[in-house]
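Okay, start_34.cif now, which holds mmCIF, C-alpha atoms:
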```cif
data_my_file
#
loop_
_atom_site.label_atom_id
_atom_site.label_comp_id
_atom_site.auth_asym_id
_atom_site.auth_seq_id
_atom_site.Cartn_x
_atom_site.Cartn_y
_atom_site.Cartn_z
CA MET A 1 62.48 160.91 214.50
CA ALA A 2 63.19 160.65 210.77
CA ALA A 3 63.83 156.93 211.25
CA ALA A 4 60.41 156.57 212.88
CA ARG A 5 58.75 158.27 209.94
CA VAL A 6 60.43 155.93 207.45
CA TYR A 7 60.06 152.80 209.62
CA GLU A 8 56.33 153.30 210.17
CA ASN A 9 55.66 153.79 206.43
CA PRO A 10 57.74 151.14 204.63
CA GLY A 11 57.33 151.36 200.87
CA ARG A 12 54.36 153.72 201.18
CA PRO A 13 54.04 157.46 200.73
CA LEU A 14 54.80 159.28 203.96
CA THR A 15 51.22 160.36 204.56
CA GLU A 16 50.92 159.33 208.18
CA PHE A 17 52.79 160.83 211.07
CA PRO A 18 54.40 158.12 213.21
CA PRO A 19 52.96 157.35 216.64
CA PHE A 20 54.54 159.24 219.54
CA GLY A 21 55.88 155.97 221.02
CA SER A 22 57.74 155.22 217.80
CA LEU A 23 59.23 158.72 217.70
CA LEU A 24 60.34 158.33 221.29
CA PHE A 25 61.82 154.84 220.77
CA TRP A 26 63.88 155.71 217.68
CA SER A 27 65.05 159.01 219.18
CA ALA A 28 66.14 157.34 222.42
CA LEU A 29 67.85 154.56 220.46
CA SER A 30 69.92 157.11 218.55
CA LEU A 31 71.24 158.44 221.87
CA LEU A 32 71.95 155.03 223.42
CA PRO A 33 75.68 154.90 222.56
CA ASP A 34 76.15 157.84 224.94
CA VAL A 35 75.14 155.65 227.90
CA ASP A 36 78.90 155.46 228.44
CA VAL A 37 78.93 158.96 229.97
CA VAL A 38 77.50 157.39 233.14
CA GLY A 39 80.89 155.75 233.63
CA LEU A 40 82.61 159.13 233.82
CA SER A 41 80.84 159.88 237.12
CA LEU A 42 81.82 156.40 238.36
CA GLY A 43 85.52 156.98 237.74
CA VAL A 44 85.86 155.34 234.31
CA ARG A 45 88.49 157.29 232.41
CA TYR A 46 87.29 158.95 229.21
CA GLU A 47 90.03 157.31 227.13
CA SER A 48 89.47 153.73 228.45
CA ALA A 49 87.71 151.10 226.35
CA TRP A 50 84.58 151.58 228.48
CA GLY A 51 84.96 155.37 228.61
CA HIS A 52 83.11 157.88 226.49
CA ARG A 53 83.10 157.02 222.78
CA GLY A 54 84.64 153.65 223.53
CA ALA A 55 82.92 150.26 223.32
CA THR A 56 79.38 151.62 223.07
CA HIS A 57 80.44 153.57 219.98
CA SER A 58 81.79 150.48 218.20
CA LEU A 59 80.40 148.71 215.16
CA LEU A 60 80.18 145.53 217.25
CA PHE A 61 77.91 147.25 219.78
CA THR A 62 75.79 148.60 216.92
CA LEU A 63 75.39 145.21 215.27
CA ALA A 64 74.83 143.28 218.50
CA LEU A 65 72.19 145.67 219.80
CA GLY A 66 70.53 145.91 216.38
CA LEU A 67 70.31 142.11 216.34
CA LEU A 68 68.84 141.98 219.86
CA ILE A 69 66.23 144.57 218.94
CA GLY A 70 65.41 142.60 215.80
CA LEU A 71 64.99 139.42 217.83
CA ALA A 72 62.61 141.22 220.20
CA ALA A 73 60.62 142.87 217.39
CA PRO A 74 58.14 140.00 216.75
CA ALA A 75 56.96 140.26 220.36
CA PHE A 76 55.77 143.77 219.42
CA GLY A 77 54.20 142.73 216.12
CA ARG A 78 57.15 143.96 214.06
CA ARG A 79 59.26 142.21 211.43
CA ALA A 80 62.60 141.04 212.82
CA LEU A 81 64.89 141.71 209.85
CA SER A 82 63.65 145.19 208.94
CA THR A 83 63.61 146.23 212.59
CA ALA A 84 67.15 144.91 213.16
CA ALA A 85 68.39 146.74 210.06
CA ALA A 86 66.67 150.00 211.04
CA ALA A 87 67.99 149.76 214.60
CA ALA A 88 71.55 149.07 213.41
CA LEU A 89 71.41 152.04 211.01
CA VAL A 90 70.09 154.37 213.70
CA LEU A 91 72.71 153.15 216.17
CA VAL A 92 75.64 153.38 213.75
CA SER A 93 74.68 156.92 212.78
CA HIS A 94 75.64 158.09 216.28
CA PRO A 95 79.33 157.07 216.34
CA LEU A 96 79.79 157.95 212.68
CA LEU A 97 78.46 161.45 213.35
CA ASP A 98 80.66 161.65 216.45
CA THR A 99 83.72 161.08 214.25
CA LEU A 100 82.76 164.33 212.50
CA THR A 101 83.28 166.37 215.68
CA ASN A 102 86.36 168.47 216.27
CA GLY A 103 87.21 167.32 219.79
CA GLY A 104 87.53 164.48 222.25
CA PHE A 105 89.55 161.35 221.56
CA GLY A 106 87.60 159.98 218.59
CA CYS A 107 85.46 156.83 218.48
CA ALA A 108 86.58 153.23 219.03
CA LEU A 109 84.71 152.03 215.94
CA LEU A 110 86.58 148.71 215.68
CA TRP A 111 86.56 147.78 219.38
CA PRO A 112 87.37 145.08 220.64
CA VAL A 113 89.62 144.18 217.70
CA ASP A 114 91.30 147.58 217.62
CA HIS A 115 91.22 150.14 220.43
CA THR A 116 92.22 153.01 218.14
CA ARG A 117 89.94 156.04 218.37
CA TYR A 118 88.96 157.30 214.93
CA PHE A 119 87.98 160.70 213.54
CA ALA A 120 86.66 161.38 210.05
CA PRO A 121 89.01 163.33 207.79
CA TRP A 122 86.47 166.19 207.81
CA GLN A 123 85.23 167.50 211.17
CA PRO A 124 82.58 170.18 210.65
CA LEU A 125 80.76 169.63 213.95
CA PRO A 126 81.85 171.32 217.17
CA VAL A 127 82.21 168.82 220.00
CA PRO A 128 79.36 169.28 222.48
CA PRO A 129 80.05 169.68 226.18
CA ILE A 130 79.08 166.74 228.41
CA GLY A 131 76.40 166.88 231.08
CA LEU A 132 75.04 170.12 232.49
CA ALA A 133 77.79 172.02 230.67
CA TYR A 134 75.62 171.54 227.58
CA PHE A 135 73.36 174.25 229.03
CA SER A 136 75.99 176.95 228.58
CA GLN A 137 76.70 179.59 225.96
CA TYR A 138 79.01 177.16 224.14
CA GLY A 139 76.38 174.40 224.39
CA LEU A 140 73.86 176.75 222.80
CA HIS A 141 76.35 177.43 220.00
CA VAL A 142 76.73 173.68 219.39
CA ALA A 143 72.94 173.17 219.41
CA LEU A 144 72.48 175.96 216.86
CA VAL A 145 75.21 174.61 214.56
CA GLU A 146 73.72 171.10 214.73
CA THR A 147 70.21 172.46 214.09
CA VAL A 148 71.41 174.22 210.93
CA ILE A 149 73.46 171.28 209.65
CA PHE A 150 70.76 168.69 210.36
CA SER A 151 67.77 170.88 209.43
CA PRO A 152 66.92 168.86 206.28
CA ILE A 153 66.55 165.68 208.36
CA LEU A 154 64.67 167.54 211.09
CA LEU A 155 62.31 169.07 208.54
CA PHE A 156 61.69 165.65 207.00
CA ALA A 157 60.92 164.21 210.43
CA LEU A 158 58.57 167.00 211.44
CA TRP A 159 57.07 168.04 208.10
CA PRO A 160 53.30 168.24 208.38
CA VAL A 161 51.42 165.26 207.08
CA PRO A 162 49.34 166.12 204.01
CA ALA A 163 45.65 166.43 204.75
CA GLN A 164 43.73 163.29 203.92
CA PRO A 165 41.16 163.70 201.17
CA ALA A 166 37.53 163.06 202.06
CA ALA A 167 36.61 159.40 202.36
CA ARG A 168 36.35 157.75 198.95
CA ALA A 169 33.31 155.79 197.93
#
```
Could you rewrite the structure in this file as structure tokens?
Amino acid sequence: MAAARVYENPGRPLTEFPPFGSLLFWSALSLLPDVDVVGLSLGVRYESAWGHRGATHSLLFTLALGLLIGLAAPAFGRRALSTAAAAALVLVSHPLLDTLTNGGFGCALLWPVDHTRYFAPWQPLPVPPIGLAYFSQYGLHVALVETVIFSPILLFALWPVPAQPAARA
């Protein structure tokens, strides 16, 4: 949502709240690397290249999808380069933040060149449970920790837009 606020107001003061569609698009895009959890229910092993935090959490996936979104942007009246850059930044934030969690097998950031799963040297985030297990006491704990840690970004995204002064002559 913070990306939507910045993207919709390039180089201008943040005086307009982004359209709902933009908020929805950028929020959904930030979650897209986790599409790999679908494979778990289809028998894909967590630790495989196509398992959770594998290929869809790689820098290659980030760059390729950012480029595709940039190429599609002019069809929606958007600039290709700035849209591609914003999309790549939003996408890469997901696996980089996942490396800050304290569980799982890490992220295959350099896939397909290197299948090593990486963690950051500092792991302040509890690993969230997958699926419906998120709606548990531990899932609530994770949600509260993430809300506190990411509150500055959340506040920026949701901060009320200043009231517009009366129309100027």
Please work out which residues fall within 9 Å of (54.9, 161.3, 209.4), coordinates as given in the file, with only C-alpha atoms counting, and return them as a PyMOL selection string. chain A and resi 2+4-6+8-9+14-19+156-161
Name every residue that the PyMOL selection byres ((chain A and resi 118) around 9) selects in this structure, writing the answer as a PDB file with C-alpha atoms, in the coordinates of the input with chains first and numbers rising.
```pdb
ATOM      1  CA  THR A  99      83.720 161.080 214.250  1.00  0.00           C
ATOM      2  CA  PHE A 105      89.550 161.350 221.560  1.00  0.00           C
ATOM      3  CA  GLY A 106      87.600 159.980 218.590  1.00  0.00           C
ATOM      4  CA  CYS A 107      85.460 156.830 218.480  1.00  0.00           C
ATOM      5  CA  ALA A 108      86.580 153.230 219.030  1.00  0.00           C
ATOM      6  CA  LEU A 109      84.710 152.030 215.940  1.00  0.00           C
ATOM      7  CA  LEU A 110      86.580 148.710 215.680  1.00  0.00           C
ATOM      8  CA  THR A 116      92.220 153.010 218.140  1.00  0.00           C
ATOM      9  CA  ARG A 117      89.940 156.040 218.370  1.00  0.00           C
ATOM     10  CA  PHE A 119      87.980 160.700 213.540  1.00  0.00           C
ATOM     11  CA  ALA A 120      86.660 161.380 210.050  1.00  0.00           C
TER      12      ALA A 120
END
```
How many Å lie between atom CA of Thr83 of chain A and atom CA of Phe61 of chain A, rounded to one decimal?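 Straight-line distance from atom CA of Thr83 of chain A to atom CA of Phe61 of chain A works out to 16.0 Å.
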Nearest residue to Ala28 of chain A from the set A:Pro121, A:Ser41, A:His94, A:Phe76 (distances using all atoms listed in the file):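 Of A:Pro121, A:Ser41, A:His94, A:Phe76, the one nearest Ala28 of chain A, counting all atoms listed in the file, is A:His94.
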Which residues fall under the PyMOL selection byres ((chain A and resi 111) around 8) in this file, as a list in words?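 That expression, the PyMOL selection byres ((chain A and resi 111) around 8), corresponds here to Ala49, Gly54, Ala55, Ser58, Leu59, Leu60, Ala108, Leu109, Leu110, Pro112, Val113, Asp114, His115 and Thr116 of chain A.
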Save out the residues we just selected, C-alpha atoms, as a compact mmCIF listing (two decimals), keeping the file's coordinate frame.
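Result went into result.txt, see below:
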```txt
# COMPACT_ATOMS: atom_id res chain seq x y z
CA ALA A 49 87.71 151.10 226.35
CA GLY A 54 84.64 153.65 223.53
CA ALA A 55 82.92 150.26 223.32
CA SER A 58 81.79 150.48 218.20
CA LEU A 59 80.40 148.71 215.16
CA LEU A 60 80.18 145.53 217.25
CA ALA A 108 86.58 153.23 219.03
CA LEU A 109 84.71 152.03 215.94
CA LEU A 110 86.58 148.71 215.68
CA PRO A 112 87.37 145.08 220.64
CA VAL A 113 89.62 144.18 217.70
CA ASP A 114 91.30 147.58 217.62
CA HIS A 115 91.22 150.14 220.43
CA THR A 116 92.22 153.01 218.14
```
Which residue gives the smallest distance to Leu100 of chain A among A:Phe150, A:Val127, A:Ala80, A:Pro10, with all atoms listed in the file counted?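 Answer, going by the shortest atom-to-atom distance: A:Val127.
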Find the residues of segment 39-89 of chain A that sit at most 12 Å from segment 130-138 of chain A; for each, write down the nearest two atoms and how far apart they are in Å, to one decimal. Count only C-alpha atoms. Sort by chain, then by number going up, and give it as JSON lines.
```
{"residue": "A:Leu40", "atom": "CA", "partner": "A:Ile130", "partner_atom": "CA", "distance": 10.0}
{"residue": "A:Ser41", "atom": "CA", "partner": "A:Gly131", "partner_atom": "CA", "distance": 10.3}
{"residue": "A:Tyr46", "atom": "CA", "partner": "A:Ile130", "partner_atom": "CA", "distance": 11.3}
{"residue": "A:His52", "atom": "CA", "partner": "A:Ile130", "partner_atom": "CA", "distance": 9.9}
{"residue": "A:Arg53", "atom": "CA", "partner": "A:Ile130", "partner_atom": "CA", "distance": 11.9}
```
Please provide the set of residues having any atom within 9 Å of Leu81 of chain A, restricted to all atoms listed in the file, with same-chain residues fewer than 2 positions apart removed, written as a list in words.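 The residues that qualify are Leu67, Gly70, Leu71, Ala73, Arg79, Thr83, Ala84, Ala85 and Ala86 of chain A.
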